[in-house]
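Before any comments, here is the structure.
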There are 2 protein chains.
Amino acid sequence: MRQNTLVDSTVMERLRAAGLRPTRQRLALAQILFGQGDRHVTAESLFNEAKSQRIDVSLATVYNALHDFTGKDMLREISIDSNSSYFDTNTGDHHHFFFERSGKLQDIPSEHINIASLPEAPAGAQISRVDVIIRVKA
Amino acid sequence: MRQNTLVDSTVMERLRAAGLRPTRQRLALAQILFGQGDRHVTAESLFNEAKSQRIDVSLATVYNALHDFTGKDMLREISIDSNSSYFDTNTGDHHHFFFERSGKLQDIPSEHINIASLPEAPAGAQISRVDVIIRVKA
DNA sequence: AAGATAGTTTAGAATAATTCTAAACATGTT
DNA sequence: AACATGTTTAGAATTATTCTAAACTATCTT
Ligand SMILES: [Mn+2]
Ligand SMILES: [Mn+2]
Ligand SMILES: [Zn+2]
Ligand SMILES: [Zn+2]
């Protein structure tokens, strides 16, 4: 709890810096998301994690927060599986293993994949992102 | 119509070869899907295309057919956008441009992307597919 | 050519992820 | 404290997709 105060203030600064009001709900969710290493969550998984920590937050707020954070580049959204969207706390350039059985994602640092010779983008098209997804049966 | 008979029989053979009964609906849908070059469709787009050709088929049947064809490796399913699944008539090894505005996909032959040094797959994991998606703002 | 059999199609209901609505509430400002 | 604006929420709505069970049809058997 003493530790928490410190961490909370870090998260609070991040929210303020992004221009998002540091509400109780956002602080709690941001703490879960950014308080540890890189993570990949779904709205549902984050909602459940919050519930298990007795954080009282609605599912709609979880969606709102995920989209707000994504809009401020604190998260990136990934569509891999048509069942649900993933949100990634690692917004840097990197790629993913996708474990088809468990539905889990694992980062691949961008240096570990060397994409030689990208094709030229079609006329007047700017590349906004290159995603490499390695699906593994496991 | 005379031409159609020829093409129909080709499609019919494909369905039979796959062990799928060549029903009126599957023949019509397969004709739309495989009768021209490579295509990327959604359930909805295929359903609309069928309707515009006065082919009387239900949406459930479109979904059934897409999944049946995918199960027989006549199509591959791609999740790019959380709104809906795409089905690709090109089942070979290749990659995609994804045009964010229009939601359209464009093939990139696999020779055009050179992936040097894939990371080793995690212990006991077999790679089932590697997808490269280049999202472009256009 | 019937008849039997198993696979297919269909309308509509059901499900699941996500978004919307509008009212209550909290935060930051004056 | 009062105000303005942003946020949260329950529950309804929306959308993509799947399910159900009954009608239908392709194919096999006789
Ligand atoms: Mn989304
Ligand atoms: Mn869905
Ligand atoms: Zn990641
Ligand atoms: Zn393709």
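Simple scheme: letters A, B, ... for chains in structure tokens order, numbers from 1 for residues in each chain, numbers from 1 for ligands in the order shown.
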Skipping near chain neighbours, those fewer than 3 positions away, what residues fall within 10 Å of DC28 in chain D using only C-alpha atoms (C1' of nucleotides), listed as JSON, numbers by chain?
{"C": [4, 5, 6]}
Export of prior selection with N, CA, C and O atoms (P, O5', C5', C4', C3', O3' and C1' of nucleotides) as a PDB file, in the first residue's frame:
```pdb
ATOM      1  P    DA C   4     -39.021 -46.298 -48.077  1.00  0.00           P
ATOM      2  O5'  DA C   4     -37.457 -46.130 -47.820  1.00  0.00           O
ATOM      3  C5'  DA C   4     -36.628 -47.277 -47.977  1.00  0.00           C
ATOM      4  C4'  DA C   4     -35.191 -46.892 -47.670  1.00  0.00           C
ATOM      5  C3'  DA C   4     -35.000 -46.207 -46.316  1.00  0.00           C
ATOM      6  O3'  DA C   4     -33.789 -46.713 -45.768  1.00  0.00           O
ATOM      7  C1'  DA C   4     -34.181 -44.806 -48.022  1.00  0.00           C
ATOM      8  P    DT C   5     -33.348 -46.225 -44.306  1.00  0.00           P
ATOM      9  O5'  DT C   5     -32.214 -45.159 -44.692  1.00  0.00           O
ATOM     10  C5'  DT C   5     -31.168 -45.533 -45.589  1.00  0.00           C
ATOM     11  C4'  DT C   5     -30.090 -44.459 -45.557  1.00  0.00           C
ATOM     12  C3'  DT C   5     -29.993 -43.748 -44.215  1.00  0.00           C
ATOM     13  O3'  DT C   5     -28.621 -43.621 -43.885  1.00  0.00           O
ATOM     14  C1'  DT C   5     -30.350 -42.181 -45.943  1.00  0.00           C
ATOM     15  P    DA C   6     -28.170 -43.053 -42.471  1.00  0.00           P
ATOM     16  O5'  DA C   6     -27.177 -41.908 -42.974  1.00  0.00           O
ATOM     17  C5'  DA C   6     -26.447 -42.091 -44.196  1.00  0.00           C
ATOM     18  C4'  DA C   6     -26.080 -40.726 -44.714  1.00  0.00           C
ATOM     19  C3'  DA C   6     -25.648 -39.765 -43.605  1.00  0.00           C
ATOM     20  O3'  DA C   6     -24.520 -39.049 -44.056  1.00  0.00           O
ATOM     21  C1'  DA C   6     -27.463 -38.839 -44.793  1.00  0.00           C
TER      22       DA C   6
END
```
Closest atom pairs, chain A residues within 12 Å of chain B, only C-alpha atoms, as CSV:
```
residue,atom,partner,partner_atom,distance
A:Glu77,CA,B:Ser82,CA,9.8
A:Ile78,CA,B:Ile80,CA,8.2
A:Ser79,CA,B:Ile80,CA,5.4
A:Ile80,CA,B:Ser79,CA,5.4
A:Asp81,CA,B:Ser79,CA,5.7
A:Ser82,CA,B:Ser79,CA,5.7
A:Asn83,CA,B:Ser82,CA,7.8
A:Ser84,CA,B:Ser82,CA,6.8
A:Ser85,CA,B:Ser82,CA,6.3
A:Tyr86,CA,B:Ser82,CA,9.6
A:His95,CA,B:Val132,CA,9.8
A:His96,CA,B:Val130,CA,10.0
A:Phe97,CA,B:Ala121,CA,8.3
A:Phe98,CA,B:Ile127,CA,9.6
A:Phe99,CA,B:Ala125,CA,8.4
A:Glu100,CA,B:Ser128,CA,9.1
A:Arg101,CA,B:Ala125,CA,10.7
A:Leu105,CA,B:Pro122,CA,12.0
A:Gln106,CA,B:Pro122,CA,9.8
A:Asp107,CA,B:Pro119,CA,10.9
A:Ile108,CA,B:Pro119,CA,7.7
A:Pro109,CA,B:Pro119,CA,9.3
A:Ser110,CA,B:Pro119,CA,10.2
A:Glu111,CA,B:Ser117,CA,9.4
A:His112,CA,B:Pro119,CA,5.8
A:Ile113,CA,B:Leu118,CA,5.4
A:Asn114,CA,B:Ala116,CA,4.8
A:Ile115,CA,B:Ile115,CA,4.6
A:Ala116,CA,B:Asn114,CA,4.8
A:Ser117,CA,B:Ile113,CA,5.7
A:Leu118,CA,B:Ile113,CA,5.4
A:Pro119,CA,B:His112,CA,5.8
A:Glu120,CA,B:His112,CA,9.4
A:Ala121,CA,B:Val136,CA,7.9
A:Pro122,CA,B:Val136,CA,8.8
A:Ala123,CA,B:Ala138,CA,9.2
A:Gly124,CA,B:Ala138,CA,7.2
A:Ala125,CA,B:Ala138,CA,5.2
A:Gln126,CA,B:Val136,CA,5.3
A:Ile127,CA,B:Val136,CA,4.3
A:Ser128,CA,B:Val136,CA,5.2
A:Arg129,CA,B:Arg135,CA,5.3
A:Val130,CA,B:Ile134,CA,4.5
A:Asp131,CA,B:Ile133,CA,5.1
A:Val132,CA,B:Val132,CA,4.5
A:Ile133,CA,B:Asp131,CA,5.2
A:Ile134,CA,B:Val130,CA,4.5
A:Arg135,CA,B:Arg129,CA,5.3
A:Val136,CA,B:Ile127,CA,4.3
A:Lys137,CA,B:Gln126,CA,5.4
A:Ala138,CA,B:Ala125,CA,5.2
```
For chain B, which residue out of D:DA12, D:DA26, D:DC3, D:DC19 is the nearest one, using only C-alpha atoms (C1' of nucleotides)?
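Checking each of D:DA12, D:DA26, D:DC3, D:DC19 against chain B, counting only C-alpha atoms (C1' of nucleotides), the winner is D:DA26.
One finds C1' of DA22 in chain D at 24.4 Å from CA of Ala43 in chain B.
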Per residue of chain D within 8 Å of range 13-30 of chain C, note the shortest atom pair and the distance in Å to one decimal, counting only C-alpha atoms (C1' of nucleotides), and order the rows by chain and increasing residue number, as JSON lines.
```
{"residue": "D:DG6", "atom": "C1'", "partner": "C:DT27", "partner_atom": "C1'", "distance": 7.9}
{"residue": "D:DT7", "atom": "C1'", "partner": "C:DA26", "partner_atom": "C1'", "distance": 7.4}
{"residue": "D:DT8", "atom": "C1'", "partner": "C:DC25", "partner_atom": "C1'", "distance": 7.3}
{"residue": "D:DA13", "atom": "C1'", "partner": "C:DC20", "partner_atom": "C1'", "distance": 6.9}
{"residue": "D:DT14", "atom": "C1'", "partner": "C:DT19", "partner_atom": "C1'", "distance": 7.3}
{"residue": "D:DT18", "atom": "C1'", "partner": "C:DT15", "partner_atom": "C1'", "distance": 7.4}
{"residue": "D:DC19", "atom": "C1'", "partner": "C:DA14", "partner_atom": "C1'", "distance": 6.8}
{"residue": "D:DT20", "atom": "C1'", "partner": "C:DA13", "partner_atom": "C1'", "distance": 8.0}
```
Would you write out those residues with C-alpha atoms (C1' of nucleotides), as an mmCIF file, in the first residue's frame?
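The result, stored in again.cif:
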```
data_model
loop_
_atom_site.group_PDB
_atom_site.id
_atom_site.type_symbol
_atom_site.label_atom_id
_atom_site.label_comp_id
_atom_site.auth_asym_id
_atom_site.auth_seq_id
_atom_site.Cartn_x
_atom_site.Cartn_y
_atom_site.Cartn_z
ATOM 1 C "C1'" DG D 6 -15.611 14.970 -18.584
ATOM 2 C "C1'" DT D 7 -16.556 10.200 -16.887
ATOM 3 C "C1'" DT D 8 -19.045 6.232 -15.302
ATOM 4 C "C1'" DA D 13 -29.051 -1.707 -28.829
ATOM 5 C "C1'" DT D 14 -26.212 -3.259 -32.536
ATOM 6 C "C1'" DT D 18 -23.560 -19.543 -34.612
ATOM 7 C "C1'" DC D 19 -27.249 -22.580 -33.382
ATOM 8 C "C1'" DT D 20 -31.733 -25.166 -33.823
#
```
Measuring between only C-alpha atoms (C1' of nucleotides), which one of B:Arg14, B:Arg39, B:Arg26, B:Lys72 shows the shortest distance to chain C?
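For chain C, the nearest of the candidates is B:Arg26.
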Closest atom pairs, chain B residues within 10 Å of chain C, only C-alpha atoms (C1' of nucleotides), as CSV:
```
residue,atom,partner,partner_atom,distance
B:Leu20,CA,C:DG7,C1',9.3
B:Arg21,CA,C:DG7,C1',7.9
B:Thr23,CA,C:DT8,C1',7.9
B:Gln25,CA,C:DT9,C1',8.6
B:Arg26,CA,C:DT8,C1',9.8
B:Val57,CA,C:DT9,C1',8.4
B:Ser58,CA,C:DT10,C1',6.6
B:Leu59,CA,C:DT10,C1',9.0
B:Ala60,CA,C:DT10,C1',7.5
B:Thr61,CA,C:DT9,C1',6.5
B:Asn64,CA,C:DT9,C1',9.5
B:Ser82,CA,C:DA17,C1',9.5
B:Asn83,CA,C:DT18,C1',9.7
```
Write the residues of the preceding selection, restricted to C-alpha atoms, as an mmCIF file, in the first residue's frame.
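What landed in selection_11.cif:
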```cif
data_model
loop_
_atom_site.group_PDB
_atom_site.id
_atom_site.type_symbol
_atom_site.label_atom_id
_atom_site.label_comp_id
_atom_site.auth_asym_id
_atom_site.auth_seq_id
_atom_site.Cartn_x
_atom_site.Cartn_y
_atom_site.Cartn_z
ATOM 1 C CA LEU B 20 -18.565 -31.736 -50.608
ATOM 2 C CA ARG B 21 -21.888 -32.327 -52.270
ATOM 3 C CA THR B 23 -25.517 -28.422 -54.211
ATOM 4 C CA GLN B 25 -25.982 -23.092 -53.415
ATOM 5 C CA ARG B 26 -22.420 -24.326 -53.142
ATOM 6 C CA VAL B 57 -29.166 -18.347 -50.779
ATOM 7 C CA SER B 58 -29.451 -17.631 -47.085
ATOM 8 C CA LEU B 59 -26.797 -15.897 -45.033
ATOM 9 C CA ALA B 60 -26.452 -19.001 -42.873
ATOM 10 C CA THR B 61 -25.615 -20.989 -45.966
ATOM 11 C CA ASN B 64 -21.681 -22.671 -43.845
ATOM 12 C CA SER B 82 -12.326 -7.002 -35.474
ATOM 13 C CA ASN B 83 -15.468 -6.166 -37.428
#
```
Option closest in space to chain A, from D:DT15, D:DA2, D:DT9, D:DT29 [counting only C-alpha atoms (C1' of nucleotides)]:
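The shortest atom-to-atom distance to chain A comes from D:DT9.
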Might you pull out every residue within 7 Å of Leu75 in chain A, with only C-alpha atoms (C1' of nucleotides) counted and same-chain residues fewer than 6 positions away left off, and present them as number ranges by chain?
A: 69, 87-91
Enumerate as a list in words all residues of range 33-80 of chain B assigned to strand (DSSP E) by DSSP on the backbone, naming them with the chain letters and numbers the document uses.
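Reading the DSSP output for range 33-80 of chain B, strand (DSSP E) covers His40, Val41, Arg76, Glu77, Ile78, Ser79 and Ile80 of chain B.
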For those residues, write N, CA, C and O atoms to a file as a compact mmCIF listing (two decimals), in the first residue's frame.
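Final file, again12.txt:
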```txt
# COMPACT_ATOMS: atom_id res chain seq x y z
N HIS B 40 -10.85 -11.74 -52.05
CA HIS B 40 -10.95 -11.65 -50.59
C HIS B 40 -12.37 -11.19 -50.30
O HIS B 40 -12.73 -10.08 -50.67
N VAL B 41 -13.14 -12.03 -49.65
CA VAL B 41 -14.53 -11.67 -49.38
C VAL B 41 -14.85 -11.77 -47.89
O VAL B 41 -14.13 -12.43 -47.14
N ARG B 76 -8.85 -19.65 -47.12
CA ARG B 76 -8.19 -19.46 -45.84
C ARG B 76 -8.85 -18.26 -45.19
O ARG B 76 -9.28 -17.32 -45.86
N GLU B 77 -8.97 -18.32 -43.88
CA GLU B 77 -9.64 -17.25 -43.15
C GLU B 77 -8.59 -16.29 -42.60
O GLU B 77 -7.55 -16.71 -42.11
N ILE B 78 -8.89 -14.99 -42.67
CA ILE B 78 -7.95 -13.98 -42.19
C ILE B 78 -8.68 -13.01 -41.25
O ILE B 78 -9.73 -12.49 -41.58
N SER B 79 -8.09 -12.80 -40.08
CA SER B 79 -8.65 -11.83 -39.12
C SER B 79 -7.76 -10.62 -39.08
O SER B 79 -6.61 -10.70 -38.67
N ILE B 80 -8.28 -9.51 -39.46
CA ILE B 80 -7.47 -8.32 -39.58
C ILE B 80 -8.11 -7.19 -38.84
O ILE B 80 -7.47 -6.33 -38.27
```
Among B:Asp56, B:Glu44, B:Asp93, B:Gly103, chain D is approached most closely, using only C-alpha atoms (C1' of nucleotides), by B:Glu44
